[in-house]
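Peer 1: One structure coming up, written as structure tokens, with questions to follow.
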Amino acid sequence: MRDTRRVVVLGANGTMGSGSGALFAARGFDVAMLARTADKAMQGLERARAAVRSDVIQKSIRCGSYDDLEKEVAEADLVLEAVSENMDVKAPFFDRIDRARKPGTVVATVSSGLSIAEMARGRTDDFRRHFLGMHLFNPPNVIVGTEIIAGPETDPTVFESCGTLLRKRLGRVVVACRDLPAFAGNRIGFKVLNECAILAEQRGVAFVDYLIGPYTGRAMPPLATIDLVGWDVHAAIVDNVFANTSDEAHEAFRMPAYMRALMAKGHLGNKTPKQGGFFLRSKTPDGKRFKLPLDPAAMAYAQTPASVTKVRFVEEMKAMHAVGRYRDAMALFLRAEGPEAELARKVILGYVSYALHRVGPEEVVDSPAGVDGIMGFGFNWAPPSVLVDLFGPKPTMAAMREVGLPVPPVLASLPDGERMFTLRGANIGRFFVGK
Amino acid sequence: MADNTKAVYVLGGYQTDFARNWFKEGKHIVALIREAVQGTLDATGVDPAELQVAHVGNFAAELYAMQGHLGAFVVEVDPALRGLPTSRHEAACASGSIAALCAAAEIEAGRYDVALVLGVEQMKTVDSKTGGDFLGTAAWYEREAKGIEFPFPKLFGKLGDEYDKRYGLKDEHLARISAINYGNAKLNPNAQTRSWFMSYEHACSTGQFNANIGGRIKLTDCSQVTDGAAGIILASATFASAWAKRKGTSLDRIPRVLGWGHRTAPIEFSEKVLESKEQPYVLPHTRRAILDAFERARLPGVEKIDAIETHDCFTTSEYMAIDHFGLTQPGESWKAIEEDVIALGGKCPINPSGGLIGAGHPVGATGTRQLLDAFLQVTDSAGDYQVPSARRVATLNIGGSGTTSVVHVLGFED
């Protein structure tokens with residue numbers, strides 16, 4: 001693979017396009033940001049400047065429209081496609097890139113889960129050998145977890161070099177995934193998120209976000225997370241996985257009907273502040289923010305901000321996290337009694353079980369380090385292996401069986417006394433929030 | 001000078017990720033202490049029951065976290081630590097080094113064989129202006145900080161002005177110091193700024209993204225406040241040799257505190273400058289602390305030092321450190337910058353870790369973090385920011401506007 005200096009970003013006005021442009025420019029690459037019009041590309045540049053908080057990065061960025069695509073691609077070492085997450089939109093761009101690129105130019109897509117094989121199909125040999133998925137997470141200059149995905153004919157040395165480039169020159173935590181729907185992070189993460197959306201129908205939005213809240217090892221509660229990423233993005237991911245996989249948790253990917261009905265009315269989460277998502281955010285006349293939870297059954301928002309009945313074990317766990325007693329907190333999580341504790345265990349152990357089932361020769365990643373890397377550094381969730389180590393492998397397995405979850409082979413075969421979490425240098429405490 | 005013949009060994013240590021915001025995580029300062037103590041014990045393989053004493057360095061937990069008596073929190077970490085003698089030490093930004101000096105002194109005196117040194121600070125509990133005011137208590141608050149927004153950048157801006165007056169100073173050299181520190185921090189997995197953007201051009205720029213903070217000090221000239229803790233274990237030859245055997249190594253492969261220096265200048269910056277008026281060094285007491293450390297380490301000078309972890313709370317303090325360490329003649333620090341002496345790969349890299357500017361400056365933790373980084377360098381364990389074949393590393397930790405200076409030399413004799 002050629003030394004990478006010139007990078008072309010397509011879809012430069014979008015969130016991922018401008019963010020990726022910012023990332024590469026900030027690390028000293030020469031970047032061309034292209035969009036439908038040069039003005040739109042300029043908007044992307046503005047976002048990039050704001051993201052890295054510097055005026056000088058614009059010196060390494062050229063803006064242009066897709067009229068410049070052939071000229072820019074011909075000079076590029078790496079072309080990063082970040083146009084809409086839609087195969088029909090992407091395909092014509094790949095046609096043009098294929099015709100314009102020099103042999104050896106790497107072409108990568110930031111797609112968060114569409115088929116890499118399908119994107120490569122029918123293109124020239126050299127394109128197919130130099131094509132891969134490079135799934136950066138939003139915002140790319142902050143979130144370092146990155147998935148790389150080889151197509152069926154991606155040259156292994158190109159794939160390896162791209163991993164090195166991401167690690168060494170862009171400071172990424174890189175996880176190699178197989179070309180399976182939604183790859184590792186979104187497959188595992190959105191399984192949990194959608195499960196919470198399903199649970200919200202019976203248990204209420206505010207309660208689910210409380211019960212599966214940051215104390216369970218995540219920066220943000222699950223339904224607030226769906227509001228942040230957008231219901232449309234959520235739907236695209238779970239629908240893709242539901243249609244194209246059949247695994248032990250298939251039903252968890254069936255998007256609840258209330259969500260689909262509300263989406264049709266324009267409820268997409270934070271990006272539609274008037275309609276709302278799981279929460280309708282508002283301010284009092286004197287500027288105090290508050291949020292009204294959705295009642296999924298009524299498909300309407302509560303009149304007053306949510307008040308959740310606190311659960312004792314949850315409060316006790318938060319207090320333990322606050323003083324750094326993570327292991328004690330997780331031990332309490334396993335032994336706490338009552339239907340709430342059982343439900344929380346079902347979701348969290350379900351996350352661990354599902355994630356570690358994605359490890360194996362035919363699965364999404366080869367080792368637990370893969371799912372740990374992307375959940376920890378892409379999602380900011382406690383990596384599954386961290387939870388196993390805190391619970392202890394045997395208690396984890398026993399608790400899984402108790403709530404009717406399958407025990408992943410990689411957990412069952414863990415040698416006695418060995419730790420599951422192997423990523424060095426990670427402060428595991430940061431995942432457990434004490435409030 | 002007193003003869004300190006009893007050797008003090010450094011067994012290793014641990015630092016927390018300085019990019020974390022513990023307030024956002026909903027954590028009490030004891031969580032920070034717990035993670036750092038457990039990390040230090042894990043990293044060294046020292047059992048909590050083996051510890052004989054603990055010294056905690058911290059600047060102002062009473063202000064930032066409404067909590068004093070931090071030594072007591074070490075005992076919270078593990079039931080085996082109950083009864084352990086502990087204390088807390090304060091010397092503004094030099095608190096972590098003072099804790100280390102006290103621990104080493106007790107080992108030299110034969111009181112204890114193994115000591116935990118922990119530096120800790122939680123700062124993101126308050127907004128930057130309030131925090132800036134708290135930091136003002138490291139100066140003579142009523143005279144130099146009260147009612148002044150961000151007093152410390154202004155004081156260290158004056159240090160730059162003094163250099164400018166005496167020898168001339170170009171801001172582009174300060175920008176280069178900033179860019180080197182940020183660049184090194186990208187190689188350090190625990191550095192606060194590892195994912196931030198920085199370049200020499202950006203450090204040279206001014207505007208909305210690089211505002212003037214005080215005098216000639218711009219945002220890129222400053223270390224940033226953060227939360228963090230770092231711990232190290234110091235030990236006597238008796239404990240260290242038993243520990244070495246356990247680890248399958250030998251005593252001569254364990255680094256030692258080869259020398260130290262500790263001096264205190266008048267607290268007011270204007271007094272410092274007045275005192276040094278006719279002298280070649282702007283901060284003569286800092287220079288003295290460095291020479292004391294070299295003398296105690298029986299080293300002729302900086303030519304025997306492979307790398308330095310210095311106190312770059314601002315680019316001007318690193319500029320000062322360059323000539324004060326003797327890398328150049330007084331007033332000629334710019335030469336070492338231009339000749340790449342201080343960059344990674346240079347003759348004497350300064351702050352391979354990223355320093356305070358790149359790695360972050362949780363005030364009370366900084367001195368201990370520097371000692372840990374010195375340990376990592378001389379044991380070839382610094383990963384991507386390793387200085388090849390580093391045998392001896394010096395640290396300079398400064399409290400106030402050059403008021404308390406503590407220097408350590410860590411590593412091996414020739």
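Quick note on naming: the chains in the structure tokens go A, B, ... in the order shown, residues restart at 1 in each chain, and ligands are numbered from 1 in order of appearance.
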Which residues of chain A are close to chain B, meaning at most 6 Å apart when you count only C-alpha atoms, and how do they look as a PyMOL selection string?
Peer 2: chain A and resi 26+52-54+56+322-324+433-435
Peer 1: Got a sec to tell me which of range 269-303 of chain B DSSP assigns to helix (DSSP H, G or I), as a list in words?
Peer 2: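 Selection result, helix (DSSP H, G or I) within range 269-303 of chain B: Phe269, Ser270, Glu271, Lys272, Val273, Leu274, Glu275, Pro284, His285, Thr286, Arg287, Arg288, Ala289, Ile290, Leu291, Asp292, Ala293, Phe294, Glu295, Arg296, Val302 and Glu303 of chain B.
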Peer 1: Once you have the residues from the selection above, write them out as a JSON list (two decimals), in the first residue's frame, restricted to N, CA and C atoms.
Peer 2:
[["chain", "number", "residue", "atom", "x", "y", "z"],
["B", 269, "PHE", "N", 6.07, 36.54, 42.86],
["B", 269, "PHE", "CA", 6.87, 36.49, 41.64],
["B", 269, "PHE", "C", 7.78, 37.71, 41.51],
["B", 270, "SER", "N", 7.25, 38.86, 41.88],
["B", 270, "SER", "CA", 8.05, 40.08, 41.73],
["B", 270, "SER", "C", 9.31, 40.00, 42.61],
["B", 271, "GLU", "N", 9.20, 39.38, 43.77],
["B", 271, "GLU", "CA", 10.36, 39.20, 44.66],
["B", 271, "GLU", "C", 11.41, 38.30, 44.02],
["B", 272, "LYS", "N", 10.92, 37.26, 43.37],
["B", 272, "LYS", "CA", 11.84, 36.32, 42.71],
["B", 272, "LYS", "C", 12.68, 37.05, 41.67],
["B", 273, "VAL", "N", 11.98, 37.84, 40.88],
["B", 273, "VAL", "CA", 12.64, 38.53, 39.77],
["B", 273, "VAL", "C", 13.63, 39.56, 40.31],
["B", 274, "LEU", "N", 13.21, 40.24, 41.36],
["B", 274, "LEU", "CA", 14.06, 41.25, 41.98],
["B", 274, "LEU", "C", 15.34, 40.60, 42.51],
["B", 275, "GLU", "N", 15.16, 39.44, 43.14],
["B", 275, "GLU", "CA", 16.29, 38.74, 43.74],
["B", 275, "GLU", "C", 17.31, 38.29, 42.69],
["B", 284, "PRO", "N", 16.95, 31.34, 40.32],
["B", 284, "PRO", "CA", 18.18, 30.72, 40.85],
["B", 284, "PRO", "C", 17.92, 29.57, 41.83],
["B", 285, "HIS", "N", 16.81, 29.63, 42.55],
["B", 285, "HIS", "CA", 16.55, 28.55, 43.51],
["B", 285, "HIS", "C", 16.16, 27.27, 42.79],
["B", 286, "THR", "N", 15.50, 27.42, 41.64],
["B", 286, "THR", "CA", 15.18, 26.25, 40.82],
["B", 286, "THR", "C", 16.48, 25.66, 40.27],
["B", 287, "ARG", "N", 17.34, 26.55, 39.80],
["B", 287, "ARG", "CA", 18.66, 26.11, 39.31],
["B", 287, "ARG", "C", 19.41, 25.37, 40.42],
["B", 288, "ARG", "N", 19.34, 25.91, 41.64],
["B", 288, "ARG", "CA", 20.04, 25.31, 42.78],
["B", 288, "ARG", "C", 19.49, 23.90, 43.06],
["B", 289, "ALA", "N", 18.17, 23.76, 42.99],
["B", 289, "ALA", "CA", 17.56, 22.44, 43.24],
["B", 289, "ALA", "C", 18.06, 21.42, 42.22],
["B", 290, "ILE", "N", 18.22, 21.88, 40.98],
["B", 290, "ILE", "CA", 18.71, 20.98, 39.93],
["B", 290, "ILE", "C", 20.15, 20.57, 40.23],
["B", 291, "LEU", "N", 20.97, 21.55, 40.57],
["B", 291, "LEU", "CA", 22.38, 21.24, 40.87],
["B", 291, "LEU", "C", 22.51, 20.35, 42.10],
["B", 292, "ASP", "N", 21.67, 20.59, 43.11],
["B", 292, "ASP", "CA", 21.67, 19.73, 44.30],
["B", 292, "ASP", "C", 21.41, 18.28, 43.90],
["B", 293, "ALA", "N", 20.43, 18.10, 43.04],
["B", 293, "ALA", "CA", 20.07, 16.74, 42.63],
["B", 293, "ALA", "C", 21.22, 16.09, 41.86],
["B", 294, "PHE", "N", 21.83, 16.84, 40.97],
["B", 294, "PHE", "CA", 22.97, 16.28, 40.22],
["B", 294, "PHE", "C", 24.10, 15.92, 41.18],
["B", 295, "GLU", "N", 24.35, 16.81, 42.14],
["B", 295, "GLU", "CA", 25.44, 16.57, 43.08],
["B", 295, "GLU", "C", 25.17, 15.32, 43.91],
["B", 296, "ARG", "N", 23.93, 15.21, 44.41],
["B", 296, "ARG", "CA", 23.59, 14.04, 45.23],
["B", 296, "ARG", "C", 23.65, 12.76, 44.39],
["B", 302, "VAL", "N", 23.85, 17.71, 33.16],
["B", 302, "VAL", "CA", 22.72, 17.20, 32.38],
["B", 302, "VAL", "C", 23.17, 16.26, 31.26],
["B", 303, "GLU", "N", 24.46, 16.30, 30.91],
["B", 303, "GLU", "CA", 24.93, 15.40, 29.83],
["B", 303, "GLU", "C", 24.78, 13.93, 30.23]]
Peer 1: Which residues come within 9 Å of range 322-335 of chain B, counting only C-alpha atoms, excluding same-chain residues fewer than 2 positions away, as an NGL selection string?
Peer 2: :B and (163-164 or 166-170 or 173-174 or 280-284 or 286-288 or 290-291 or 301-303 or 317-320 or 337-342 or 348 or 350)
Peer 1: Convert the current residue selection to file output with N, CA and C atoms, as an mmCIF file, in the first residue's frame.
Peer 2:
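Contents of the output file part08.cif:
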data_model
loop_
_atom_site.group_PDB
_atom_site.id
_atom_site.type_symbol
_atom_site.label_atom_id
_atom_site.label_comp_id
_atom_site.auth_asym_id
_atom_site.auth_seq_id
_atom_site.Cartn_x
_atom_site.Cartn_y
_atom_site.Cartn_z
ATOM 1 N N TYR B 163 12.290 36.803 30.647
ATOM 2 C CA TYR B 163 13.244 36.254 29.663
ATOM 3 C C TYR B 163 13.416 37.220 28.503
ATOM 4 N N ASP B 164 12.279 37.734 28.040
ATOM 5 C CA ASP B 164 12.304 38.638 26.890
ATOM 6 C C ASP B 164 13.178 39.846 27.205
ATOM 7 N N ARG B 166 15.540 40.150 29.492
ATOM 8 C CA ARG B 166 16.966 39.876 29.731
ATOM 9 C C ARG B 166 17.680 39.343 28.485
ATOM 10 N N TYR B 167 16.990 38.463 27.757
ATOM 11 C CA TYR B 167 17.685 37.744 26.681
ATOM 12 C C TYR B 167 16.965 37.800 25.336
ATOM 13 N N GLY B 168 15.719 38.245 25.355
ATOM 14 C CA GLY B 168 14.902 38.144 24.143
ATOM 15 C C GLY B 168 14.172 36.814 24.130
ATOM 16 N N LEU B 169 12.914 36.809 23.736
ATOM 17 C CA LEU B 169 12.122 35.573 23.679
ATOM 18 C C LEU B 169 11.138 35.668 22.524
ATOM 19 N N LYS B 170 11.144 34.668 21.677
ATOM 20 C CA LYS B 170 10.210 34.640 20.551
ATOM 21 C C LYS B 170 9.065 33.684 20.866
ATOM 22 N N HIS B 173 9.054 30.040 19.658
ATOM 23 C CA HIS B 173 9.731 28.973 20.411
ATOM 24 C C HIS B 173 8.800 28.371 21.458
ATOM 25 N N LEU B 174 7.962 29.227 22.035
ATOM 26 C CA LEU B 174 6.963 28.713 22.981
ATOM 27 C C LEU B 174 5.962 27.816 22.244
ATOM 28 N N PRO B 280 22.563 35.148 36.268
ATOM 29 C CA PRO B 280 22.292 34.574 34.936
ATOM 30 C C PRO B 280 20.970 33.796 34.881
ATOM 31 N N TYR B 281 20.589 33.166 35.996
ATOM 32 C CA TYR B 281 19.362 32.360 35.972
ATOM 33 C C TYR B 281 18.193 33.150 36.534
ATOM 34 N N VAL B 282 17.079 33.102 35.833
ATOM 35 C CA VAL B 282 15.906 33.868 36.252
ATOM 36 C C VAL B 282 15.349 33.321 37.568
ATOM 37 N N LEU B 283 15.395 31.998 37.724
ATOM 38 C CA LEU B 283 14.909 31.390 38.971
ATOM 39 C C LEU B 283 16.071 30.633 39.629
ATOM 40 N N PRO B 284 16.947 31.337 40.317
ATOM 41 C CA PRO B 284 18.177 30.716 40.845
ATOM 42 C C PRO B 284 17.917 29.571 41.834
ATOM 43 N N THR B 286 15.499 27.417 41.644
ATOM 44 C CA THR B 286 15.176 26.251 40.824
ATOM 45 C C THR B 286 16.478 25.661 40.269
ATOM 46 N N ARG B 287 17.341 26.551 39.799
ATOM 47 C CA ARG B 287 18.658 26.109 39.310
ATOM 48 C C ARG B 287 19.411 25.373 40.425
ATOM 49 N N ARG B 288 19.339 25.906 41.642
ATOM 50 C CA ARG B 288 20.036 25.313 42.782
ATOM 51 C C ARG B 288 19.486 23.902 43.064
ATOM 52 N N ILE B 290 18.216 21.875 40.984
ATOM 53 C CA ILE B 290 18.712 20.975 39.930
ATOM 54 C C ILE B 290 20.151 20.569 40.225
ATOM 55 N N LEU B 291 20.969 21.552 40.574
ATOM 56 C CA LEU B 291 22.379 21.243 40.866
ATOM 57 C C LEU B 291 22.509 20.346 42.096
ATOM 58 N N GLY B 301 26.539 16.664 35.355
ATOM 59 C CA GLY B 301 25.567 17.609 34.801
ATOM 60 C C GLY B 301 24.572 16.912 33.909
ATOM 61 N N VAL B 302 23.851 17.705 33.156
ATOM 62 C CA VAL B 302 22.724 17.200 32.375
ATOM 63 C C VAL B 302 23.166 16.260 31.259
ATOM 64 N N GLU B 303 24.460 16.302 30.905
ATOM 65 C CA GLU B 303 24.930 15.402 29.834
ATOM 66 C C GLU B 303 24.778 13.935 30.228
ATOM 67 N N SER B 317 7.422 27.955 31.514
ATOM 68 C CA SER B 317 8.136 27.230 32.576
ATOM 69 C C SER B 317 9.034 26.153 31.968
ATOM 70 N N GLU B 318 8.626 25.579 30.827
ATOM 71 C CA GLU B 318 9.540 24.632 30.167
ATOM 72 C C GLU B 318 10.714 25.382 29.542
ATOM 73 N N TYR B 319 10.432 26.550 28.985
ATOM 74 C CA TYR B 319 11.510 27.362 28.405
ATOM 75 C C TYR B 319 12.562 27.641 29.471
ATOM 76 N N MET B 320 12.078 27.957 30.682
ATOM 77 C CA MET B 320 12.967 28.204 31.813
ATOM 78 C C MET B 320 13.748 26.944 32.171
ATOM 79 N N ILE B 337 15.610 24.206 21.432
ATOM 80 C CA ILE B 337 14.348 23.991 20.721
ATOM 81 C C ILE B 337 14.618 23.896 19.230
ATOM 82 N N GLU B 338 15.382 24.849 18.719
ATOM 83 C CA GLU B 338 15.662 24.864 17.276
ATOM 84 C C GLU B 338 16.471 23.648 16.845
ATOM 85 N N GLU B 339 17.359 23.189 17.721
ATOM 86 C CA GLU B 339 18.223 22.056 17.342
ATOM 87 C C GLU B 339 17.573 20.711 17.659
ATOM 88 N N ASP B 340 16.295 20.739 18.046
ATOM 89 C CA ASP B 340 15.542 19.505 18.310
ATOM 90 C C ASP B 340 16.132 18.659 19.427
ATOM 91 N N VAL B 341 16.871 19.287 20.329
ATOM 92 C CA VAL B 341 17.455 18.554 21.460
ATOM 93 C C VAL B 341 16.354 17.977 22.334
ATOM 94 N N ILE B 342 15.245 18.743 22.479
ATOM 95 C CA ILE B 342 14.223 18.373 23.467
ATOM 96 C C ILE B 342 13.100 17.527 22.867
ATOM 97 N N CYS B 348 18.292 15.088 24.420
ATOM 98 C CA CYS B 348 17.700 14.981 25.767
ATOM 99 C C CYS B 348 16.219 15.354 25.691
ATOM 100 N N ILE B 350 12.563 16.281 26.316
ATOM 101 C CA ILE B 350 11.848 16.791 27.487
ATOM 102 C C ILE B 350 10.379 16.388 27.359
#
Peer 1: Write out as a VMD selection string which residues come within 9 Å of Phe377 in chain A when counting only C-alpha atoms, dropping same-chain ones fewer than 5 positions away.
Peer 2: chain A and resid 143 to 146 173 372 383
Peer 1: Write a file of the just-selected residues containing C-alpha atoms, as a short mmCIF file (atom, residue, chain, number, x, y, z; two decimals), in the first residue's frame.
Peer 2:
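selection_20.cif, freshly written:
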data_model
loop_
_atom_site.label_atom_id
_atom_site.label_comp_id
_atom_site.auth_asym_id
_atom_site.auth_seq_id
_atom_site.Cartn_x
_atom_site.Cartn_y
_atom_site.Cartn_z
CA ILE A 143 -14.73 8.52 19.84
CA VAL A 144 -11.70 6.39 19.01
CA GLY A 145 -13.32 2.98 18.49
CA THR A 146 -13.20 2.06 14.79
CA VAL A 173 -8.74 1.52 18.79
CA ASP A 372 -14.66 -5.34 24.15
CA PRO A 383 -17.01 -4.04 27.71
#
Peer 1: From a DSSP calculation on the backbone, collect every residue of range 101-266 of chain A in strand (DSSP E or B) and output the set as number ranges by chain.
Peer 2: A: 106-109, 131-136, 145-150, 173-177, 218
Peer 1: Could you work out how far CA of Trp381 in chain A lies from CA of Asp328 in chain A, giving the answer in Å with one decimal?
Peer 2: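 Atom-to-atom, CA of Asp328 in chain A and CA of Trp381 in chain A are spaced 18.8 Å apart.
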Peer 1: What does the distance between CA of Leu387 in chain A and CA of Lys310 in chain A come to in Å, to one decimal place?
Peer 2: 23.4 Å
Peer 1: Which residues, written as a PyMOL selection string, have at least one atom at most 12 Å from range 77-79 of chain A, with only C-alpha atoms counted and residues fewer than 2 positions away on the same chain left out?
Peer 2: chain A and resi 1-12+17+20-21+24+29-34+69-70+72-75+81-83+93-94+96-98+100-110+127+130-134+158+161-162+165
Peer 1: Quote the spacing between CA of Ala329 in chain A and CA of Ala229 in chain B in Å to one decimal place.
Peer 2: 22.3 Å
Peer 1: Show me, as a list in words, the residues that have an atom within 8 Å of Ala99 in chain B when counting only C-alpha atoms, minus same-chain residues fewer than 6 positions from it.
Peer 2: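 Listing them by chain and then by number gives His55, Val56, Gly57, Arg88, His89, Val117, Leu118 and Gly119 of chain B.
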Peer 1: Considering only C-alpha atoms, return as a CSV table (one decimal) with C-alpha atoms, in the first residue's frame whatever protein or nucleic-acid residues lie within 6 Å of Ala138 in chain B, sequence-local ones (same chain, fewer than 3 positions apart) excluded.
Peer 2:
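Below you can see selection39.csv, which holds the result:
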chain,number,residue,atom,x,y,z
B,92,ALA,CA,0.9,23.5,45.6
B,135,LEU,CA,-5.2,27.9,41.9
B,400,GLY,CA,3.6,28.2,42.6
Peer 1: Pick out the closest residue to Gly370 in chain A from this set: A:Lys191, A:Arg178, A:Arg167, A:Arg62. Count only C-alpha atoms.
Peer 2: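 Of the candidates, the smallest distance to Gly370 in chain A is held by A:Arg178.
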